[in-house]
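Participant: This is the content of protein11.csv (CSV, C-alpha atoms):
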chain,number,residue,atom,x,y,z
A,712,MET,CA,137.8,93.7,120.4
A,713,THR,CA,135.9,90.7,119.1
A,714,HIS,CA,137.2,88.4,116.3
A,715,PHE,CA,135.2,86.7,113.6
A,716,ASP,CA,136.3,84.6,110.6
A,717,THR,CA,134.2,86.7,108.2
A,718,ILE,CA,132.5,90.2,108.6
A,719,ILE,CA,130.0,91.4,106.1
A,720,ILE,CA,129.1,95.1,105.9
A,721,GLY,CA,125.5,95.7,104.6
A,722,ALA,CA,122.4,93.5,105.0
A,723,GLY,CA,120.8,93.8,101.6
A,724,PRO,CA,120.2,90.6,99.4
A,725,ALA,CA,124.0,90.3,98.7
A,726,GLY,CA,125.0,90.7,102.3
A,727,MET,CA,122.4,88.3,103.7
A,728,MET,CA,123.2,85.7,101.2
A,729,ALA,CA,126.9,86.1,101.8
A,730,ALA,CA,126.3,85.6,105.5
A,731,ILE,CA,124.3,82.5,104.8
A,732,ALA,CA,127.0,81.0,102.6
A,733,ALA,CA,129.9,81.9,104.9
A,734,SER,CA,128.2,80.4,107.9
A,735,PHE,CA,127.0,77.3,106.0
A,736,TYR,CA,130.7,76.7,105.2
A,737,GLY,CA,131.7,76.9,108.8
A,738,GLN,CA,132.9,80.4,109.1
A,739,GLU,CA,132.1,82.4,112.3
A,740,THR,CA,130.2,85.2,110.7
A,741,LEU,CA,129.2,88.7,111.7
A,742,LEU,CA,126.7,90.8,109.6
A,743,LEU,CA,126.6,94.5,110.3
A,744,GLU,CA,123.8,96.8,109.1
A,745,LYS,CA,123.4,100.5,109.9
A,746,ASN,CA,119.6,100.4,109.3
A,747,ARG,CA,117.4,99.1,112.1
A,748,ARG,CA,115.9,96.5,109.9
A,749,LEU,CA,117.3,94.1,107.3
A,750,GLY,CA,116.8,94.5,103.6
A,751,LYS,CA,115.3,98.0,103.7
A,752,LYS,CA,115.7,98.5,99.9
A,753,LEU,CA,114.7,94.9,99.2
A,754,ALA,CA,111.4,95.6,101.0
A,755,GLY,CA,110.4,98.1,98.4
A,756,THR,CA,111.3,96.1,95.3
A,757,GLY,CA,108.6,94.8,92.9
A,758,GLY,CA,106.2,97.3,94.3
A,759,GLY,CA,106.7,95.8,97.7
A,760,ARG,CA,106.1,92.3,96.4
A,761,CYS,CA,109.8,91.5,95.8
A,762,ASN,CA,110.6,90.2,92.3
A,763,VAL,CA,113.2,87.9,93.8
A,764,THR,CA,114.6,86.5,90.5
A,765,ASN,CA,113.9,85.6,86.9
A,766,ASN,CA,113.5,82.0,85.6
A,767,GLY,CA,115.3,82.6,82.2
A,768,THR,CA,118.3,80.9,80.7
A,769,LEU,CA,121.9,82.0,81.2
A,770,GLU,CA,121.7,84.1,78.0
A,771,ASP,CA,118.4,85.7,79.3
A,772,LEU,CA,120.2,86.6,82.5
A,773,LEU,CA,123.1,88.2,80.7
A,774,GLU,CA,120.8,90.1,78.4
A,775,GLY,CA,119.0,91.4,81.5
A,776,ILE,CA,122.3,92.7,83.0
A,777,PRO,CA,123.5,95.3,80.4
A,778,GLY,CA,126.1,96.7,82.7
A,779,ASN,CA,129.1,94.2,82.6
A,780,GLY,CA,126.9,91.1,82.9
A,781,ARG,CA,129.5,89.0,81.2
A,782,PHE,CA,131.8,89.4,84.2
A,783,LEU,CA,129.3,87.1,86.0
A,784,TYR,CA,129.8,84.0,83.9
A,785,SER,CA,132.0,82.4,86.6
A,786,VAL,CA,129.6,83.5,89.4
A,787,PHE,CA,126.6,82.0,87.6
A,788,SER,CA,128.5,78.8,87.0
A,789,GLN,CA,128.7,78.5,90.8
A,790,PHE,CA,125.2,79.8,91.8
A,791,ASP,CA,122.5,81.1,89.5
A,792,ASN,CA,118.9,82.0,89.3
A,793,HIS,CA,117.7,78.4,89.4
A,794,ASP,CA,119.8,77.9,92.6
A,795,ILE,CA,118.0,81.0,94.0
A,796,ILE,CA,114.6,79.4,93.3
A,797,ARG,CA,115.7,76.1,94.9
A,798,PHE,CA,117.1,78.0,97.9
A,799,PHE,CA,113.8,79.7,98.7
A,800,GLU,CA,111.7,76.7,98.0
A,801,ASP,CA,113.9,74.6,100.2
A,802,ASN,CA,113.5,77.2,103.0
A,803,GLY,CA,109.7,77.1,102.9
A,804,VAL,CA,108.9,80.0,100.5
A,805,LYS,CA,106.4,79.2,97.8
A,806,LEU,CA,107.1,81.0,94.5
A,807,LYS,CA,105.2,81.9,91.4
A,808,VAL,CA,106.1,82.9,87.8
A,809,GLU,CA,104.6,86.0,86.3
A,810,ASP,CA,105.0,87.7,82.9
A,811,HIS,CA,108.5,88.0,81.4
A,812,GLY,CA,109.7,85.2,83.7
A,813,ARG,CA,109.5,87.3,86.9
A,814,ILE,CA,109.5,85.2,90.1
A,815,PHE,CA,107.6,86.4,93.2
A,816,PRO,CA,106.7,84.9,96.5
A,817,THR,CA,103.0,83.6,96.4
A,818,THR,CA,102.3,85.9,99.4
A,819,ASP,CA,103.1,89.0,97.2
A,820,ARG,CA,105.0,90.3,100.2
A,821,SER,CA,108.7,91.2,100.2
A,822,GLN,CA,108.8,90.5,103.9
A,823,THR,CA,108.4,86.8,103.1
A,824,ILE,CA,111.8,86.8,101.3
A,825,ILE,CA,113.5,88.9,103.9
A,826,LYS,CA,112.2,86.7,106.7
A,827,ALA,CA,113.4,83.6,105.0
A,828,LEU,CA,116.9,85.0,104.6
A,829,GLU,CA,116.8,86.1,108.3
A,830,MET,CA,115.6,82.8,109.6
A,831,LYS,CA,118.3,80.9,107.6
A,832,MET,CA,121.0,83.2,109.0
A,833,LEU,CA,119.8,82.6,112.6
A,834,ASP,CA,119.6,78.9,112.0
A,835,LEU,CA,123.2,78.9,110.9
A,836,GLY,CA,124.4,81.0,113.8
A,837,VAL,CA,125.1,84.3,112.0
A,838,ASP,CA,125.7,87.2,114.5
A,839,ILE,CA,123.4,89.9,113.1
A,840,ARG,CA,123.7,93.4,114.4
A,841,THR,CA,121.4,96.0,113.0
A,842,GLY,CA,121.5,99.7,113.9
A,843,THR,CA,125.3,99.4,113.7
A,844,GLU,CA,127.1,101.8,111.3
A,845,VAL,CA,130.6,101.0,110.3
A,846,LEU,CA,132.9,104.0,110.6
A,847,SER,CA,136.1,102.7,109.1
A,848,VAL,CA,137.7,99.5,107.7
A,849,LYS,CA,141.5,99.1,108.0
A,850,LYS,CA,143.9,96.3,107.6
A,851,ILE,CA,146.9,95.7,109.8
A,852,ASP,CA,149.1,92.8,108.7
A,853,ASP,CA,146.7,90.0,107.9
A,854,THR,CA,143.8,91.2,109.9
A,855,PHE,CA,141.0,93.7,109.1
A,856,GLN,CA,139.8,96.1,111.8
A,857,ILE,CA,136.2,97.2,111.5
A,858,LYS,CA,135.3,100.2,113.7
A,859,THR,CA,131.7,101.1,114.8
A,860,ALA,CA,130.6,103.7,117.3
A,861,ASP,CA,130.7,101.2,120.1
A,862,ASN,CA,133.0,98.3,119.1
A,863,LEU,CA,136.1,97.3,117.3
A,864,PHE,CA,135.8,94.0,115.4
A,865,THR,CA,138.5,92.0,113.6
A,866,ALA,CA,138.4,89.4,110.9
A,867,CYS,CA,140.6,87.7,108.3
A,868,LYS,CA,137.9,88.1,105.6
A,869,VAL,CA,135.6,91.1,104.9
A,870,ILE,CA,132.8,91.2,102.4
A,871,VAL,CA,131.5,94.7,101.4
A,872,THR,CA,127.8,94.6,100.3
A,873,THR,CA,126.8,98.2,101.0
A,874,GLY,CA,125.0,98.7,97.7
A,875,GLY,CA,125.4,101.6,95.3
A,876,LYS,CA,124.1,105.2,95.6
A,877,ALA,CA,120.6,104.8,94.3
A,878,TYR,CA,117.8,105.5,96.8
A,879,PRO,CA,120.1,106.8,99.5
A,880,SER,CA,117.1,106.9,101.9
A,881,THR,CA,117.5,103.2,102.2
A,882,GLY,CA,121.1,103.6,103.3
A,883,SER,CA,122.9,103.3,100.0
A,884,THR,CA,125.3,106.2,100.4
A,885,GLY,CA,128.3,104.9,98.5
A,886,PHE,CA,130.2,103.9,101.6
A,887,GLY,CA,131.4,100.7,100.0
A,888,HIS,CA,133.1,102.8,97.3
A,889,ASP,CA,134.8,104.8,100.0
A,890,ILE,CA,136.1,101.5,101.4
A,891,ALA,CA,137.4,100.5,98.0
A,892,ARG,CA,139.2,103.9,97.5
A,893,HIS,CA,140.7,103.6,101.0
A,894,PHE,CA,142.4,100.4,99.8
A,895,LYS,CA,143.5,102.1,96.6
A,896,LEU,CA,141.0,100.3,94.3
A,897,ALA,CA,139.5,102.1,91.3
A,898,VAL,CA,135.8,103.1,91.3
A,899,THR,CA,134.2,103.9,88.0
A,900,GLU,CA,131.9,107.0,87.5
A,901,ILE,CA,128.6,106.7,89.3
A,902,GLU,CA,125.3,107.6,87.6
A,903,ALA,CA,121.7,106.6,87.8
A,904,ALA,CA,120.3,103.6,85.9
A,905,GLU,CA,116.8,102.0,85.8
A,906,SER,CA,115.6,105.6,86.1
A,907,PRO,CA,112.3,107.1,85.0
A,908,LEU,CA,112.8,109.3,82.0
A,909,LEU,CA,112.1,113.0,81.8
A,910,THR,CA,110.7,114.0,78.4
A,911,ASP,CA,109.7,117.1,76.4
A,912,PHE,CA,106.3,115.8,75.6
A,913,PRO,CA,102.6,116.6,76.2
A,914,HIS,CA,102.5,115.0,79.7
A,915,LYS,CA,99.0,116.2,80.8
A,916,ALA,CA,97.2,114.6,77.8
A,917,LEU,CA,98.7,111.2,78.5
A,918,GLN,CA,99.5,111.2,82.2
A,919,GLY,CA,98.5,107.9,83.9
A,920,ILE,CA,98.1,105.9,80.7
A,921,SER,CA,99.6,102.4,81.0
A,922,LEU,CA,100.6,100.3,78.0
A,923,ASP,CA,101.5,96.6,77.9
A,924,ASP,CA,104.3,95.3,75.8
A,925,VAL,CA,105.0,98.3,73.6
A,926,THR,CA,108.4,98.9,71.9
A,927,LEU,CA,110.6,101.8,72.8
A,928,ARG,CA,113.6,102.4,70.5
A,929,TYR,CA,116.7,104.5,70.7
A,930,ASP,CA,119.7,104.0,68.4
A,931,LYS,CA,120.4,100.2,68.3
A,932,HIS,CA,118.5,99.6,71.6
A,933,VAL,CA,115.0,98.1,71.1
A,934,ILE,CA,113.0,97.3,74.3
A,935,THR,CA,109.6,95.7,74.3
A,936,HIS,CA,107.9,95.9,77.7
A,937,ASP,CA,105.3,97.8,79.7
A,938,LEU,CA,105.3,101.6,79.8
A,939,LEU,CA,103.6,104.3,81.9
A,940,PHE,CA,103.1,107.9,80.9
A,941,THR,CA,103.6,110.2,84.0
A,942,HIS,CA,103.4,113.9,84.8
A,943,PHE,CA,107.2,114.2,84.1
A,944,GLY,CA,107.7,111.7,81.3
A,945,LEU,CA,107.9,108.0,81.1
A,946,SER,CA,108.2,105.2,83.7
A,947,GLY,CA,107.6,101.4,83.7
A,948,PRO,CA,110.0,98.7,82.7
A,949,ALA,CA,110.5,99.9,79.1
A,950,ALA,CA,111.5,103.4,80.2
A,951,LEU,CA,113.7,102.1,83.1
A,952,ARG,CA,115.6,99.8,80.8
A,953,LEU,CA,116.2,102.4,78.2
A,954,SER,CA,117.6,104.8,80.9
A,955,SER,CA,120.8,102.7,80.9
A,956,PHE,CA,121.6,104.0,77.4
A,957,VAL,CA,120.6,107.7,77.5
A,958,LYS,CA,121.6,110.8,79.4
A,959,GLY,CA,119.3,113.5,77.9
A,960,GLY,CA,119.1,115.2,74.5
A,961,GLU,CA,118.2,112.0,72.6
A,962,THR,CA,114.9,111.2,70.9
A,963,ALA,CA,113.3,107.8,71.5
A,964,TYR,CA,110.6,106.3,69.3
A,965,LEU,CA,107.6,104.5,70.7
A,966,ASP,CA,105.7,101.8,68.7
A,967,VAL,CA,102.3,101.7,70.4
A,968,LEU,CA,101.3,98.6,68.4
A,969,PRO,CA,104.4,96.4,67.9
A,970,GLN,CA,102.2,93.4,67.2
A,971,MET,CA,100.8,95.0,64.1
A,972,SER,CA,102.7,95.9,60.9
A,973,LYS,CA,102.1,99.2,59.1
A,974,GLU,CA,100.4,97.2,56.3
A,975,GLU,CA,98.0,95.5,58.8
A,976,LEU,CA,97.2,98.8,60.3
A,977,ALA,CA,96.5,100.3,56.9
A,978,THR,CA,94.2,97.3,56.0
A,979,LEU,CA,92.3,97.8,59.2
A,980,LEU,CA,91.7,101.5,58.6
A,981,GLU,CA,90.5,100.7,55.1
A,982,ASP,CA,88.1,98.0,56.4
A,983,GLU,CA,86.7,100.5,58.9
A,984,ARG,CA,86.7,103.5,56.7
A,985,GLU,CA,83.1,104.4,57.4
A,986,LYS,CA,83.8,104.8,61.2
A,987,ALA,CA,85.1,107.6,63.3
A,988,LEU,CA,88.9,107.5,63.4
A,989,LYS,CA,88.9,107.8,67.2
A,990,ASN,CA,86.5,104.8,67.6
A,991,VAL,CA,88.7,102.6,65.3
A,992,LEU,CA,91.8,103.5,67.3
A,993,LYS,CA,90.0,102.9,70.6
A,994,THR,CA,89.8,99.2,69.7
A,995,LEU,CA,93.6,99.1,69.6
A,996,MET,CA,94.7,101.3,72.5
A,997,PRO,CA,93.4,103.2,75.6
A,998,GLU,CA,90.8,105.8,74.7
A,999,ARG,CA,92.8,108.8,75.8
A,1000,LEU,CA,95.7,107.6,73.6
A,1001,ALA,CA,93.3,107.1,70.7
A,1002,GLU,CA,92.1,110.7,71.2
A,1003,PHE,CA,95.7,111.9,71.2
A,1004,PHE,CA,96.5,110.3,67.9
A,1005,ALA,CA,93.1,111.2,66.2
A,1006,LYS,CA,92.9,114.9,67.3
A,1007,SER,CA,95.0,116.2,64.3
A,1008,TYR,CA,93.0,114.4,61.7
A,1009,PRO,CA,89.6,114.4,60.1
A,1010,LEU,CA,86.7,112.9,62.1
A,1011,LYS,CA,86.1,109.8,59.9
A,1012,VAL,CA,88.6,107.4,58.5
A,1013,LYS,CA,87.3,107.8,55.0
A,1014,GLN,CA,88.1,111.5,55.1
A,1015,LEU,CA,91.8,110.8,55.5
A,1016,SER,CA,94.0,111.6,52.5
A,1017,LYS,CA,96.6,108.9,51.7
A,1018,LYS,CA,99.3,111.2,53.0
A,1019,GLU,CA,97.4,111.8,56.3
A,1020,ARG,CA,96.8,108.0,56.7
A,1021,ASP,CA,100.5,107.2,56.1
A,1022,GLN,CA,101.5,109.9,58.5
A,1023,LEU,CA,99.1,108.7,61.2
A,1024,ILE,CA,100.4,105.1,60.8
A,1025,ALA,CA,104.0,106.2,60.9
A,1026,THR,CA,103.3,108.2,64.1
A,1027,ILE,CA,101.6,105.3,65.8
A,1028,LYS,CA,104.5,103.0,64.9
A,1029,ALA,CA,107.2,105.5,65.8
A,1030,LEU,CA,106.0,108.3,68.0
A,1031,PRO,CA,109.0,110.6,68.6
A,1032,ILE,CA,109.6,111.4,72.3
A,1033,PRO,CA,112.4,113.8,73.1
A,1034,ILE,CA,114.3,112.8,76.3
A,1035,THR,CA,115.5,115.7,78.4
A,1036,GLY,CA,117.1,113.7,81.1
A,1037,LYS,CA,116.5,111.0,83.8
A,1038,MET,CA,115.6,111.0,87.4
A,1039,SER,CA,118.4,111.6,90.0
A,1040,LEU,CA,120.1,108.8,91.9
A,1041,ALA,CA,117.8,109.5,94.8
A,1042,LYS,CA,114.8,108.5,92.7
A,1043,SER,CA,116.4,105.8,90.6
A,1044,PHE,CA,116.3,102.0,91.2
A,1045,VAL,CA,119.9,101.1,90.3
A,1046,THR,CA,123.4,102.6,90.4
A,1047,LYS,CA,125.5,102.4,87.2
A,1048,GLY,CA,129.2,102.3,88.1
A,1049,GLY,CA,131.0,101.1,91.2
A,1050,VAL,CA,134.1,99.2,92.2
A,1051,ASP,CA,136.0,98.7,88.9
A,1052,LEU,CA,135.8,95.0,87.9
A,1053,LYS,CA,139.4,95.1,86.7
A,1054,GLU,CA,140.2,95.1,90.5
A,1055,ILE,CA,138.1,92.0,91.2
A,1056,ASN,CA,138.8,88.3,90.7
A,1057,PRO,CA,135.6,87.1,88.8
A,1058,LYS,CA,135.8,83.6,90.3
A,1059,THR,CA,136.0,84.7,93.9
A,1060,LEU,CA,135.0,88.4,93.9
A,1061,GLU,CA,138.1,89.0,96.0
A,1062,SER,CA,140.2,92.1,95.5
A,1063,LYS,CA,143.2,91.3,93.3
A,1064,LYS,CA,145.3,93.7,95.5
A,1065,VAL,CA,144.0,93.1,99.0
A,1066,ALA,CA,143.7,89.5,100.2
A,1067,GLY,CA,140.5,88.6,102.0
A,1068,LEU,CA,138.6,91.7,100.9
A,1069,HIS,CA,135.6,90.8,98.8
A,1070,PHE,CA,132.8,92.9,97.1
A,1071,ALA,CA,129.3,91.7,96.1
A,1072,GLY,CA,126.1,93.2,94.9
A,1073,GLU,CA,125.5,96.7,93.7
A,1074,VAL,CA,128.7,98.1,95.1
A,1075,LEU,CA,130.3,96.5,92.0
A,1076,ASP,CA,130.3,98.2,88.6
A,1077,ILE,CA,127.4,96.0,87.4
A,1078,ASN,CA,123.9,97.1,86.7
A,1079,ALA,CA,120.9,95.1,85.7
A,1080,HIS,CA,117.3,95.7,84.6
A,1081,THR,CA,114.3,95.4,86.8
A,1082,GLY,CA,112.4,92.2,86.4
A,1083,GLY,CA,114.4,90.2,88.9
A,1084,PHE,CA,117.8,90.6,87.3
A,1085,ASN,CA,119.3,93.0,89.8
A,1086,ILE,CA,118.3,91.0,92.8
A,1087,THR,CA,119.6,87.8,91.0
A,1088,TYR,CA,123.1,89.1,90.6
A,1089,CYS,CA,123.2,90.5,94.1
A,1090,LEU,CA,122.1,87.1,95.7
A,1091,CYS,CA,124.5,85.2,93.4
A,1092,THR,CA,127.5,87.4,94.0
A,1093,GLY,CA,126.8,87.3,97.7
A,1094,TRP,CA,126.8,83.5,97.8
A,1095,VAL,CA,130.0,83.2,95.8
A,1096,ALA,CA,131.8,85.8,98.0
A,1097,GLY,CA,130.5,84.0,101.1
A,1098,ILE,CA,131.8,80.5,100.2
A,1099,GLN,CA,135.4,81.6,99.7
A,1100,PRO,CA,137.8,80.2,102.3
A,1101,ILE,CA,139.3,82.4,105.0
A,1102,PRO,CA,142.8,83.5,104.0
A,1103,PHE,CA,145.7,83.0,106.3
A,1104,SER,CA,143.9,80.3,108.3
Do you think you could lay out the structure here as C-alpha cells?
Facilitator:
Amino acid sequence: MTHFDTIIIGAGPAGMMAAIAASFYGQETLLLEKNRRLGKKLAGTGGGRCNVTNNGTLEDLLEGIPGNGRFLYSVFSQFDNHDIIRFFEDNGVKLKVEDHGRIFPTTDRSQTIIKALEMKMLDLGVDIRTGTEVLSVKKIDDTFQIKTADNLFTACKVIVTTGGKAYPSTGSTGFGHDIARHFKLAVTEIEAAESPLLTDFPHKALQGISLDDVTLRYDKHVITHDLLFTHFGLSGPAALRLSSFVKGGETAYLDVLPQMSKEELATLLEDEREKALKNVLKTLMPERLAEFFAKSYPLKVKQLSKKERDQLIATIKALPIPITGKMSLAKSFVTKGGVDLKEINPKTLESKKVAGLHFAGEVLDINAHTGGFNITYCLCTGWVAGIQPIPFS
C-alpha cells in the first residue's frame, strides 16, 4: 500500500493540469491512466492539431460554454484562457491564433501540447502510471483507498478527471460518474453534445460541400460558423453547436448568405437579369449548391416571376432542414450531463458531501462548444482542483 497526498484518476487535459498544479504546490502526486498513453482523446482534437484554447473575453468564454458555463465564474477568476496561453508559452510551446479566436500550437500537432504537459509533470515529480485501470475508490475514515489490478494506493485527496461518455474508444466510459454515485452524489442525465446532425434532406446532392460562416437557426438559437454537408446530414462547427439544443424532430433553417440581405440579393438578381440563374448564384456559393437552388427555376434570371424570385431568395436565406436526430455518444465530441453541480463547491470543485473528493473536466455537468472552449474549461477546472490544499493535514 503506497500513500500519496493527492491521487488523480484520468490523464486527459483536466487530469494532467490537476497533477501539475497539485505537484507545483508541494503535494506528492500520483496520476493514474488506464490507457497506455496520456491524452488519448486530446490527441484527436482539432483534427489532430489540438485547439488548445480560445483567446476571447470572459463573456466570450461563457457564451462558448452553453452547458452551465456560469458555474465557472469562480474557476476562471483563478485560472482562465489567458493563463492557459501563458502556461504553454512559458513551457516552450509557440502558439498561433486562427479564425474565431481559436488557439493552436504552431506545429499543428496535438502531441506538442501533450508532450509539454507530460514534461512539466515529470519536472515537478508527478508519479505517472499509464496502463493502470482503477477498479474502485473507497473512503475509510479520512483516507481514500484506490484499488487497481496490482496495487492499493491511499491519499487524503482524490481528483476525478475521467471524462464523460463521448468517444468511449478513448477511454471515456463514465467511470467517474460511477465513483460519484458510489459516494451518493447525484449525476444528471447523460446525452450527446457537439454531435453531427442527422437530417431528412437530399444528402447526395450536397454531400461534401463546405460553407464558411453561414447561419444556422433553430428557435432562439442563432449560430454563425462553418458547416459541412455529409452523407448523413450536417457536420462542422455550426451543426455541432446546434446539437446542444436539439434532439430530433425539429426543423433548422440555414442562411447560406448571412452577409447579404434579401434586398441586396434581389438587387443583384435584377442587375444580372440577362444571365443564367445558376451562373449568378455560382458567384455567391459553391457550384453544386448553386445548381441545387437553381434547378427548380427557369434557366435565366429574367424568366423568373416575382413570386419565383421572392421564393428563391427566401429559400437561400432560410433553407428548411428537418433534423431527425444526432450522432450517438460514441461518435460525439462532448458529453452533456455529468456530476450534478449542486454537489460541487464552485470555488474548489470539491464535493460538498465528501471532504477531499474533487471533480474536474468533462466528468462534471458542463458542456462547451468546439473551438477551444471544451479544452479550456477542462484545463482550468483541473488547475483549480489541483491547487486545493490537502484536507486533514
Participant: For CA of Gly874 in chain A and CA of Gly721 in chain A, quote the distance in Å rounded to one decimal.
Facilitator: 7.5 Å
Participant: Using all atoms listed in the file, determine which residues lie at most 8 Å from range 933-935 of chain A, disregarding the query and same-chain residues fewer than 5 positions distant; provide the list as a ChimeraX atom specification.
Facilitator: /A:924-928,949,952-953
Participant: How would the residues just picked look written out with C-alpha atoms as a PDB file, in the frame of the given file?
Facilitator:
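Everything below was put into selection06.pdb:
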ATOM      1  CA  ASP A 924     104.300  95.300  75.800  1.00  0.00           C
ATOM      2  CA  VAL A 925     105.000  98.300  73.600  1.00  0.00           C
ATOM      3  CA  THR A 926     108.400  98.900  71.900  1.00  0.00           C
ATOM      4  CA  LEU A 927     110.600 101.800  72.800  1.00  0.00           C
ATOM      5  CA  ARG A 928     113.600 102.400  70.500  1.00  0.00           C
ATOM      6  CA  ALA A 949     110.500  99.900  79.100  1.00  0.00           C
ATOM      7  CA  ARG A 952     115.600  99.800  80.800  1.00  0.00           C
ATOM      8  CA  LEU A 953     116.200 102.400  78.200  1.00  0.00           C
TER       9      LEU A 953
END
Participant: Closest to Leu749 in chain A among A:Gly780, A:Pro1009, A:Gly959, A:Gly842, using all atoms listed in the file?
Facilitator: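 For Leu749 in chain A, the nearest of the candidates is A:Gly842.
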Participant: Which one is closest to Ser1007 in chain A: A:Ala950, A:Leu988, A:Trp1094, A:Thr994? Count only C-alpha atoms.
Facilitator: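 Of the candidates, the smallest distance to Ser1007 in chain A is held by A:Leu988.
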Participant: Range 897-912 of chain A: which residues within 6 Å, counting all atoms listed in the file, same-chain residues fewer than 2 positions away excluded, as a list in words?
Facilitator: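 Once the nearby chain positions are removed, what remains is His914, Phe943, Gly944, Leu945, Ser946, Leu951, Arg952, Ser954, Ser955, Pro1033, Ile1034, Thr1035, Gly1036, Lys1037, Met1038, Leu1040, Ser1043, Phe1044, Val1045, Thr1046, Lys1047, Gly1048, Gly1049, Val1050 and Asp1051 of chain A.
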Participant: Rank A:Met728, A:Leu917, A:Ile1032, A:Leu968 by their smallest atom-to-atom distance to Cys1089 in chain A, using only C-alpha atoms, and report the top residue only.
Facilitator: A:Met728
Participant: If I put a ball of radius 12 Å at (142.6, 102.5, 97.0) in the file's coordinates, which residues poke into it when counting only C-alpha atoms, written as JSON, numbers by chain?
Facilitator: {"A": [849, 887, 888, 889, 890, 891, 892, 893, 894, 895, 896, 897, 898, 1050, 1051, 1054, 1062, 1063, 1064, 1065]}
Participant: Kindly provide, as a PyMOL selection string, the polymer residues lying within 12 Å of (80.3, 103.4, 54.8), counting all atoms listed in the file and using the coordinates exactly as they appear in the file.
Facilitator: chain A and resi 981-987+1011-1014
Participant: Measure the distance from CA of Glu770 in chain A to CA of Thr1087 in chain A in Å and round it to one decimal.
Facilitator: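 Between CA of Glu770 in chain A and CA of Thr1087 in chain A the gap works out to 13.7 Å.
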